[in-house]
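K.L.:
Sending over structure_2.cif (mmCIF, C-alpha atoms).
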```cif
data_query
#
loop_
_atom_site.group_PDB
_atom_site.id
_atom_site.type_symbol
_atom_site.label_atom_id
_atom_site.label_comp_id
_atom_site.auth_asym_id
_atom_site.auth_seq_id
_atom_site.Cartn_x
_atom_site.Cartn_y
_atom_site.Cartn_z
ATOM 1 C CA ALA A 1 0.000 0.000 0.000
ATOM 2 C CA ALA A 2 1.183 3.518 -0.838
ATOM 3 C CA HIS A 3 1.469 6.271 1.747
ATOM 4 C CA ILE A 4 1.605 10.049 2.030
ATOM 5 C CA LYS A 5 3.533 11.927 4.704
ATOM 6 C CA GLY A 6 1.473 13.618 7.393
ATOM 7 C CA LEU A 7 3.097 16.955 6.528
ATOM 8 C CA VAL A 8 1.202 17.049 3.222
ATOM 9 C CA LEU A 9 -2.111 15.988 4.719
ATOM 10 C CA LYS A 10 -1.793 18.252 7.758
ATOM 11 C CA SER A 11 -0.990 21.301 5.623
ATOM 12 C CA ARG A 12 -4.169 20.677 3.602
ATOM 13 C CA LEU A 13 -6.194 20.491 6.812
ATOM 14 C CA ASP A 14 -4.455 23.605 8.162
ATOM 15 C CA TYR A 15 -5.508 25.427 4.987
ATOM 16 C CA VAL A 16 -9.132 24.447 5.600
ATOM 17 C CA LYS A 17 -8.925 25.584 9.209
ATOM 18 C CA GLN A 18 -7.219 28.893 8.329
ATOM 19 C CA PHE A 19 -9.590 29.857 5.504
ATOM 20 C CA TYR A 20 -12.845 28.129 6.513
ATOM 21 C CA GLY A 21 -12.498 27.975 10.298
ATOM 22 C CA GLU A 22 -13.465 25.295 12.765
ATOM 23 C CA LYS A 23 -16.932 25.071 11.177
ATOM 24 C CA GLY A 24 -15.326 24.282 7.828
ATOM 25 C CA LEU A 25 -13.137 21.633 9.371
ATOM 26 C CA GLN A 26 -16.155 20.109 11.094
ATOM 27 C CA LEU A 27 -18.085 20.110 7.811
ATOM 28 C CA LEU A 28 -15.181 18.252 6.191
ATOM 29 C CA ILE A 29 -15.007 15.698 9.002
ATOM 30 C CA GLU A 30 -18.752 15.010 8.797
ATOM 31 C CA SER A 31 -18.512 14.415 5.034
ATOM 32 C CA LEU A 32 -15.950 11.618 5.389
ATOM 33 C CA PRO A 33 -16.298 7.891 6.020
ATOM 34 C CA PRO A 34 -15.499 6.828 9.614
ATOM 35 C CA GLU A 35 -11.818 6.042 8.949
ATOM 36 C CA GLY A 36 -11.207 9.500 7.446
ATOM 37 C CA GLN A 37 -13.056 11.122 10.335
ATOM 38 C CA ASP A 38 -10.875 9.253 12.830
ATOM 39 C CA THR A 39 -7.684 10.288 11.025
ATOM 40 C CA ILE A 40 -8.541 13.973 11.326
ATOM 41 C CA ARG A 41 -9.997 13.800 14.845
ATOM 42 C CA ASP A 42 -6.956 11.897 16.138
ATOM 43 C CA GLY A 43 -4.715 14.658 14.778
ATOM 44 C CA VAL A 44 -2.430 14.287 11.781
ATOM 45 C CA LEU A 45 1.241 14.108 12.703
ATOM 46 C CA VAL A 46 3.674 15.629 10.192
ATOM 47 C CA SER A 47 6.225 12.811 10.486
ATOM 48 C CA THR A 48 3.767 9.890 10.243
ATOM 49 C CA TRP A 49 2.905 8.042 7.025
ATOM 50 C CA TYR A 50 -0.818 7.737 6.183
ATOM 51 C CA PRO A 51 -2.502 5.458 3.628
ATOM 52 C CA LEU A 52 -2.564 7.302 0.309
ATOM 53 C CA ASP A 53 -6.024 6.052 -0.674
ATOM 54 C CA LYS A 54 -7.553 7.445 2.521
ATOM 55 C CA ALA A 55 -5.690 10.741 2.097
ATOM 56 C CA ILE A 56 -7.012 11.044 -1.463
ATOM 57 C CA GLU A 57 -10.575 10.645 -0.097
ATOM 58 C CA ILE A 58 -9.929 13.522 2.307
ATOM 59 C CA LEU A 59 -8.356 15.737 -0.393
ATOM 60 C CA VAL A 60 -11.194 15.092 -2.846
ATOM 61 C CA ALA A 61 -13.702 15.989 -0.120
ATOM 62 C CA ILE A 62 -11.843 19.269 0.537
ATOM 63 C CA ASP A 63 -12.044 20.155 -3.152
ATOM 64 C CA GLU A 64 -15.711 19.196 -3.431
ATOM 65 C CA ILE A 65 -16.771 21.117 -0.320
ATOM 66 C CA PHE A 66 -14.638 24.260 -0.604
ATOM 67 C CA GLY A 67 -13.641 24.295 -4.275
ATOM 68 C CA LYS A 68 -15.487 23.812 -7.532
ATOM 69 C CA GLY A 69 -14.711 20.125 -7.964
ATOM 70 C CA ASP A 70 -12.121 20.946 -10.655
ATOM 71 C CA PHE A 71 -9.090 20.555 -8.344
ATOM 72 C CA GLU A 72 -7.991 24.183 -8.817
ATOM 73 C CA LEU A 73 -8.329 24.621 -5.058
ATOM 74 C CA MET A 74 -5.809 21.797 -4.651
ATOM 75 C CA ARG A 75 -3.379 23.811 -6.770
ATOM 76 C CA LYS A 76 -3.714 26.718 -4.312
ATOM 77 C CA ILE A 77 -3.365 24.379 -1.365
ATOM 78 C CA GLY A 78 -0.274 22.797 -2.960
ATOM 79 C CA GLY A 79 1.288 26.258 -2.925
ATOM 80 C CA PHE A 80 0.252 26.656 0.705
ATOM 81 C CA THR A 81 2.036 23.366 1.505
ATOM 82 C CA ALA A 82 5.223 24.612 -0.170
ATOM 83 C CA ARG A 83 5.133 27.776 1.933
ATOM 84 C CA VAL A 84 4.579 25.778 5.122
ATOM 85 C CA ALA A 85 7.397 23.313 4.403
ATOM 86 C CA LEU A 86 9.940 25.516 2.654
ATOM 87 C CA ALA A 87 9.529 29.052 3.948
ATOM 88 C CA GLY A 88 10.028 28.409 7.620
ATOM 89 C CA GLY A 89 9.043 24.786 7.980
ATOM 90 C CA VAL A 90 10.747 21.437 8.108
ATOM 91 C CA GLN A 91 12.471 21.820 4.723
ATOM 92 C CA GLN A 92 13.643 25.408 5.089
ATOM 93 C CA SER A 93 17.255 24.248 4.733
ATOM 94 C CA PHE A 94 16.591 23.502 1.047
ATOM 95 C CA VAL A 95 15.919 27.172 0.274
ATOM 96 C CA ARG A 96 18.520 29.156 -1.656
ATOM 97 C CA GLN A 97 17.528 32.675 -2.579
ATOM 98 C CA ASN A 98 17.899 33.650 -6.234
ATOM 99 C CA ASP A 99 18.411 30.033 -7.326
ATOM 100 C CA PRO A 100 14.982 28.823 -8.496
ATOM 101 C CA GLY A 101 16.482 25.898 -10.383
ATOM 102 C CA PHE A 102 17.861 24.484 -7.137
ATOM 103 C CA VAL A 103 14.401 23.435 -5.938
ATOM 104 C CA LEU A 104 14.024 21.281 -9.014
ATOM 105 C CA LYS A 105 17.412 19.686 -8.402
ATOM 106 C CA MET A 106 16.206 18.854 -4.888
ATOM 107 C CA ALA A 107 12.782 17.652 -6.084
ATOM 108 C CA PRO A 108 13.630 13.915 -6.099
ATOM 109 C CA ILE A 109 14.708 14.097 -2.442
ATOM 110 C CA ILE A 110 11.734 16.232 -1.391
ATOM 111 C CA PHE A 111 9.266 14.021 -3.309
ATOM 112 C CA GLN A 112 10.473 10.944 -1.387
ATOM 113 C CA GLN A 113 9.850 12.806 1.847
ATOM 114 C CA TYR A 114 6.193 13.339 0.832
ATOM 115 C CA TYR A 115 5.348 10.022 -0.872
ATOM 116 C CA ASP A 116 6.644 6.461 -0.514
ATOM 117 C CA SER A 117 5.453 5.601 -4.022
ATOM 118 C CA GLY A 118 6.791 6.759 -7.363
ATOM 119 C CA ARG A 119 9.692 8.997 -8.195
ATOM 120 C CA ILE A 120 10.227 12.372 -9.820
ATOM 121 C CA GLU A 121 12.899 13.043 -12.409
ATOM 122 C CA ILE A 122 13.972 16.508 -13.546
ATOM 123 C CA GLU A 123 15.308 17.402 -16.964
ATOM 124 C CA SER A 124 16.871 20.847 -17.119
ATOM 125 C CA LYS A 125 15.978 22.821 -20.229
ATOM 126 C CA GLY A 126 18.315 25.731 -19.550
ATOM 127 C CA GLU A 127 18.747 28.337 -16.842
ATOM 128 C CA GLU A 128 15.038 29.115 -16.498
ATOM 129 C CA SER A 129 13.117 26.033 -17.540
ATOM 130 C CA ALA A 130 12.819 22.342 -16.825
ATOM 131 C CA VAL A 131 10.564 19.340 -17.220
ATOM 132 C CA ALA A 132 9.498 17.334 -14.162
ATOM 133 C CA ARG A 133 8.239 13.790 -14.701
ATOM 134 C CA VAL A 134 6.564 11.572 -12.115
ATOM 135 C CA PHE A 135 6.895 7.837 -12.718
ATOM 136 C CA ASP A 136 5.391 4.750 -11.059
ATOM 137 C CA PHE A 137 3.049 6.572 -8.667
ATOM 138 C CA ALA A 138 0.841 3.914 -7.095
ATOM 139 C CA LEU A 139 -2.463 5.806 -7.094
ATOM 140 C CA PRO A 140 -2.509 8.534 -9.747
ATOM 141 C CA HIS A 141 -5.240 11.081 -9.090
ATOM 142 C CA ARG A 142 -5.990 14.624 -10.262
ATOM 143 C CA VAL A 143 -6.026 15.828 -6.668
ATOM 144 C CA ILE A 144 -2.340 14.827 -6.338
ATOM 145 C CA CYS A 145 -1.323 16.282 -9.724
ATOM 146 C CA SER A 146 -3.025 19.610 -8.997
ATOM 147 C CA GLY A 147 -1.374 19.838 -5.593
ATOM 148 C CA LEU A 148 1.992 19.145 -7.189
ATOM 149 C CA LEU A 149 1.407 21.901 -9.775
ATOM 150 C CA GLY A 150 0.780 24.421 -7.006
ATOM 151 C CA TRP A 151 3.711 23.171 -4.946
ATOM 152 C CA ILE A 152 6.142 23.585 -7.862
ATOM 153 C CA GLU A 153 4.856 27.093 -8.652
ATOM 154 C CA GLU A 154 5.203 28.311 -5.086
ATOM 155 C CA ALA A 155 8.552 26.578 -4.493
ATOM 156 C CA ILE A 156 10.093 28.282 -7.542
ATOM 157 C CA GLU A 157 8.812 31.643 -6.231
ATOM 158 C CA ILE A 158 10.213 30.956 -2.748
ATOM 159 C CA TRP A 159 13.601 30.377 -4.383
ATOM 160 C CA GLY A 160 13.360 33.764 -6.106
ATOM 161 C CA GLY A 161 11.780 32.978 -9.476
ATOM 162 C CA THR A 162 9.207 35.307 -10.972
ATOM 163 C CA GLN A 163 6.673 34.920 -13.779
ATOM 164 C CA VAL A 164 6.496 31.210 -12.927
ATOM 165 C CA LYS A 165 4.475 29.045 -15.286
ATOM 166 C CA VAL A 166 3.819 25.364 -14.711
ATOM 167 C CA SER A 167 1.685 23.286 -17.017
ATOM 168 C CA GLU A 168 0.904 19.602 -16.968
ATOM 169 C CA THR A 169 1.487 18.191 -20.451
ATOM 170 C CA LYS A 170 1.016 14.498 -19.648
ATOM 171 C CA CYS A 171 -0.946 12.719 -16.937
ATOM 172 C CA CYS A 172 -1.388 9.106 -15.885
ATOM 173 C CA CYS A 173 -5.030 9.945 -15.194
ATOM 174 C CA LYS A 174 -5.436 10.554 -18.938
ATOM 175 C CA GLY A 175 -3.701 7.330 -19.921
ATOM 176 C CA ASP A 176 -0.176 8.685 -20.342
ATOM 177 C CA PRO A 177 2.714 6.513 -19.072
ATOM 178 C CA HIS A 178 3.779 9.217 -16.592
ATOM 179 C CA CYS A 179 2.839 12.690 -15.419
ATOM 180 C CA GLU A 180 4.846 15.555 -16.905
ATOM 181 C CA PHE A 181 5.088 19.182 -15.843
ATOM 182 C CA VAL A 182 6.763 21.857 -17.955
ATOM 183 C CA VAL A 183 8.199 24.592 -15.748
ATOM 184 C CA CYS A 184 9.568 28.009 -16.735
ATOM 185 C CA TRP A 185 10.414 31.127 -14.765
ATOM 186 C CA VAL A 186 12.467 34.320 -14.778
ATOM 187 C CA THR A 187 15.394 34.718 -12.403
ATOM 188 C CA PRO A 188 15.734 38.375 -11.410
ATOM 189 C CA VAL A 189 19.192 39.857 -11.750
ATOM 190 C CA ALA A 190 20.688 40.516 -8.320
ATOM 191 C CA PRO A 191 21.570 44.183 -7.808
ATOM 192 C CA GLU A 192 25.271 44.945 -7.842
ATOM 193 C CA ALA A 193 26.748 46.009 -4.518
#
```
Any chance you could put this one into structure tokens?
P.N.:
Amino acid sequence: AAHIKGLVLKSRLDYVKQFYGEKGLQLLIESLPPEGQDTIRDGVLVSTWYPLDKAIEILVAIDEIFGKGDFELMRKIGGFTARVALAGGVQQSFVRQNDPGFVLKMAPIIFQQYYDSGRIEIESKGEESAVARVFDFALPHRVICSGLLGWIEEAIEIWGGTQVKVSETKCCCKGDPHCEFVVCWVTPVAPEA
């Protein structure tokens, strides 16, 4: 069985709590099957692994209740997760200002810290672009892909990139052999001292 790290799941729940309050969190809990309810009520620990299939149920419910059911909310929440983890959280040590490409170099390590299934490979396309490909993910789902899109966008910005554009050009959910994200950005020129 595949798993997701509690950090990812907890950040999604923290987003709900921050933007929709305790009532929103309670609405989410009530919408879930008993096992999902227990997971949230027991408290999600950032360092614990949780079953991916159950986490996907929770993430889909978040999108259905608070979003439009098109997973665009998950893209926003993916960015929120990047901010939590990278801009003052458990992975802050990965941050290098004015080096947006560095996050992509670190992506395989970071991905393994979030998921125990699949792998991400990065192909550099120059100083300000790359292609990220996810292979062998046990339970492909749009809710995961959308979250990853948002995470990549925000992570590149945290590292100093501007005008960040990320688009998914292939997806296992559409029958492709892997998921593929094309990433481009602008690296601002550092002012001379």
K.L.:
Need to verify the contact set: A:Ile40, 8 Å, only C-alpha atoms, exclusion of same-chain residues closer than 4 positions in sequence. Can you return it as a PyMOL selection string?
P.N.:
chain A and resi 29+36+44
K.L.:
Here is a test: counting only C-alpha atoms, which residue of A:Val182, A:Pro34, A:Ile120, A:Val189 is nearest to A:Lys170?
P.N.:
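Ranking A:Val182, A:Pro34, A:Ile120, A:Val189 by distance to A:Lys170, first place goes to A:Val182.
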K.L.:
Report as a list in words the full result of the PyMOL selection byres ((chain A and resi 109-112) around 10) when it is applied to this structure.
P.N.:
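Selected by the PyMOL selection byres ((chain A and resi 109-112) around 10) here: Ile4, Lys5, Gln91, Phe94, Val103, Leu104, Lys105, Met106, Ala107, Pro108, Gln113, Tyr114, Tyr115, Asp116, Ser117, Gly118, Arg119, Ile120, Glu121, Val134 and Leu148 of chain A.
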K.L.:
In Å, rounded to a single decimal, give me how far atom CA of A:Asp14 is from atom CA of A:Thr81.
P.N.:
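A separation of 9.3 Å between them.
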K.L.:
Report, as lines of an AutoDock Vina configuration file, the centre and edge lengths in Å (one decimal) of the axis-aligned box enclosing every listed atom of stretch 118-122 of chain A, padded by 3 Å on each side.
P.N.:
```
center_x = 10.4
center_y = 11.6
center_z = -10.5
size_x = 13.2
size_y = 15.7
size_z = 12.2
```
K.L.:
Here's the selection I'm unsure about, the PyMOL selection byres ((chain A and resi 129) around 7); applied to the file above, which residues does it give, as a PyMOL selection string?
P.N.:
chain A and resi 124-128+130+183-185
K.L.:
Quick one: pull the distance between atom CA of A:Ala85 and atom CA of A:Val46, Å, one decimal.
P.N.:
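Taking atom CA of A:Ala85 as the start and atom CA of A:Val46 as the end point, the length is 10.3 Å.
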K.L.:
Tell me which protein, DNA and RNA residues are within 10 Å of stretch 136-142 of chain A, counting only C-alpha atoms, leaving out same-chain ones fewer than 5 positions away, and put them as a PyMOL selection string.
P.N.:
chain A and resi 1-3+52-53+56+60+70-72+74+115-120+147-148+171-174+177-179
K.L.:
Name the closest residue to A:Leu45 among the candidates A:Leu59, A:Leu9, A:Val16, A:Leu32; distances are taken between atoms, counting all atoms listed in the file.
P.N.:
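For A:Leu45, the nearest of the candidates is A:Leu9.
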K.L.:
Which residue, A:Val131, A:Leu73, A:Leu13, A:Ala87, has the smallest gap to A:Ala55 when you use all atoms listed in the file?
P.N.:
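Looking only at the distances to A:Ala55, the closest residue turns out to be A:Leu13.
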K.L.:
Kindly give the distance, in Å, that separates atom CA of A:Gly150 and atom CA of A:Glu57, rounded to a single decimal.
P.N.:
19.1 Å
K.L.:
Rank nothing, just name the residue among A:Thr48, A:Thr187, A:Ser31, A:Ser11 nearest to A:Trp151, using all atoms listed in the file.
P.N.:
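Checking each candidate against A:Trp151, we get A:Ser11 as the closest.
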K.L.:
Give me the result of the PyMOL selection byres ((chain A and resi 158-167) around 8) on this file, residue by residue, as a list in words.
P.N.:
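The output of the PyMOL selection byres ((chain A and resi 158-167) around 8) on this file is Arg83, Leu86, Ala87, Val95, Arg96, Gln97, Asn98, Asp99, Pro100, Phe102, Val103, Leu149, Ile152, Glu153, Glu154, Ala155, Ile156, Glu157, Glu168, Thr169, Phe181, Val182, Val183, Cys184, Trp185, Val186, Thr187 and Pro188 of chain A.
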K.L.:
Those residues you just picked out, can you put them in a file as a PDB file, keeping the file's coordinate frame with C-alpha atoms?
P.N.:
```pdb
ATOM      1  CA  ARG A  83       5.133  27.776   1.933  1.00  0.00           C
ATOM      2  CA  LEU A  86       9.940  25.516   2.654  1.00  0.00           C
ATOM      3  CA  ALA A  87       9.529  29.052   3.948  1.00  0.00           C
ATOM      4  CA  VAL A  95      15.919  27.172   0.274  1.00  0.00           C
ATOM      5  CA  ARG A  96      18.520  29.156  -1.656  1.00  0.00           C
ATOM      6  CA  GLN A  97      17.528  32.675  -2.579  1.00  0.00           C
ATOM      7  CA  ASN A  98      17.899  33.650  -6.234  1.00  0.00           C
ATOM      8  CA  ASP A  99      18.411  30.033  -7.326  1.00  0.00           C
ATOM      9  CA  PRO A 100      14.982  28.823  -8.496  1.00  0.00           C
ATOM     10  CA  PHE A 102      17.861  24.484  -7.137  1.00  0.00           C
ATOM     11  CA  VAL A 103      14.401  23.435  -5.938  1.00  0.00           C
ATOM     12  CA  LEU A 149       1.407  21.901  -9.775  1.00  0.00           C
ATOM     13  CA  ILE A 152       6.142  23.585  -7.862  1.00  0.00           C
ATOM     14  CA  GLU A 153       4.856  27.093  -8.652  1.00  0.00           C
ATOM     15  CA  GLU A 154       5.203  28.311  -5.086  1.00  0.00           C
ATOM     16  CA  ALA A 155       8.552  26.578  -4.493  1.00  0.00           C
ATOM     17  CA  ILE A 156      10.093  28.282  -7.542  1.00  0.00           C
ATOM     18  CA  GLU A 157       8.812  31.643  -6.231  1.00  0.00           C
ATOM     19  CA  GLU A 168       0.904  19.602 -16.968  1.00  0.00           C
ATOM     20  CA  THR A 169       1.487  18.191 -20.451  1.00  0.00           C
ATOM     21  CA  PHE A 181       5.088  19.182 -15.843  1.00  0.00           C
ATOM     22  CA  VAL A 182       6.763  21.857 -17.955  1.00  0.00           C
ATOM     23  CA  VAL A 183       8.199  24.592 -15.748  1.00  0.00           C
ATOM     24  CA  CYS A 184       9.568  28.009 -16.735  1.00  0.00           C
ATOM     25  CA  TRP A 185      10.414  31.127 -14.765  1.00  0.00           C
ATOM     26  CA  VAL A 186      12.467  34.320 -14.778  1.00  0.00           C
ATOM     27  CA  THR A 187      15.394  34.718 -12.403  1.00  0.00           C
ATOM     28  CA  PRO A 188      15.734  38.375 -11.410  1.00  0.00           C
TER      29      PRO A 188
END
```
K.L.:
Counting all atoms listed in the file, figure out which residue out of A:Tyr50, A:Gly69, A:Glu123, A:Arg75 gets nearest to A:Leu7.
P.N.:
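Nearest candidate to A:Leu7 out of A:Tyr50, A:Gly69, A:Glu123, A:Arg75: A:Tyr50.
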K.L.:
Looking at all atoms listed in the file, which of A:Asp42, A:Ile65, A:Gly6, A:Ile122 is the one that sits closest to A:Leu25?
P.N.:
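Selected residue with least distance to A:Leu25: A:Ile65.
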K.L.:
If I only have part of stretch 163-183 of chain A, can you fill in N, CA and C atoms and write it as a compact mmCIF listing (two decimals), in the coordinates of the input?
P.N.:
```txt
# COMPACT_ATOMS: atom_id res chain seq x y z
N GLN A 163 7.39 35.29 -12.56
CA GLN A 163 6.67 34.92 -13.78
C GLN A 163 6.68 33.40 -13.98
N VAL A 164 6.44 32.67 -12.90
CA VAL A 164 6.50 31.21 -12.93
C VAL A 164 5.29 30.66 -13.67
N LYS A 165 5.54 29.73 -14.56
CA LYS A 165 4.47 29.04 -15.29
C LYS A 165 4.74 27.55 -15.21
N VAL A 166 3.73 26.82 -14.77
CA VAL A 166 3.82 25.36 -14.71
C VAL A 166 2.59 24.81 -15.41
N SER A 167 2.82 23.92 -16.34
CA SER A 167 1.68 23.29 -17.02
C SER A 167 1.91 21.78 -17.07
N GLU A 168 0.83 21.06 -16.90
CA GLU A 168 0.90 19.60 -16.97
C GLU A 168 0.63 19.20 -18.41
N THR A 169 1.61 18.56 -19.05
CA THR A 169 1.49 18.19 -20.45
C THR A 169 1.17 16.71 -20.65
N LYS A 170 1.38 15.91 -19.62
CA LYS A 170 1.02 14.50 -19.65
C LYS A 170 0.51 14.12 -18.27
N CYS A 171 -0.39 13.14 -18.22
CA CYS A 171 -0.95 12.72 -16.94
C CYS A 171 -1.36 11.26 -17.00
N CYS A 172 -0.98 10.51 -15.98
CA CYS A 172 -1.39 9.11 -15.88
C CYS A 172 -2.91 8.98 -15.84
N CYS A 173 -3.57 9.98 -15.29
CA CYS A 173 -5.03 9.94 -15.19
C CYS A 173 -5.69 10.03 -16.57
N LYS A 174 -4.93 10.47 -17.56
CA LYS A 174 -5.44 10.55 -18.94
C LYS A 174 -4.89 9.43 -19.81
N GLY A 175 -4.22 8.47 -19.18
CA GLY A 175 -3.70 7.33 -19.92
C GLY A 175 -2.25 7.44 -20.34
N ASP A 176 -1.59 8.54 -20.00
CA ASP A 176 -0.18 8.68 -20.34
C ASP A 176 0.67 7.78 -19.43
N PRO A 177 1.89 7.41 -19.87
CA PRO A 177 2.71 6.51 -19.07
C PRO A 177 3.30 7.16 -17.81
N HIS A 178 3.29 8.48 -17.76
CA HIS A 178 3.78 9.22 -16.59
C HIS A 178 3.14 10.61 -16.60
N CYS A 179 3.30 11.31 -15.49
CA CYS A 179 2.84 12.69 -15.42
C CYS A 179 4.03 13.59 -15.74
N GLU A 180 3.77 14.67 -16.47
CA GLU A 180 4.85 15.56 -16.90
C GLU A 180 4.43 17.00 -16.71
N PHE A 181 5.32 17.77 -16.11
CA PHE A 181 5.09 19.18 -15.84
C PHE A 181 6.19 20.01 -16.50
N VAL A 182 5.81 20.94 -17.34
CA VAL A 182 6.76 21.86 -17.95
C VAL A 182 6.81 23.11 -17.09
N VAL A 183 8.00 23.50 -16.70
CA VAL A 183 8.20 24.59 -15.75
C VAL A 183 9.10 25.65 -16.38
```
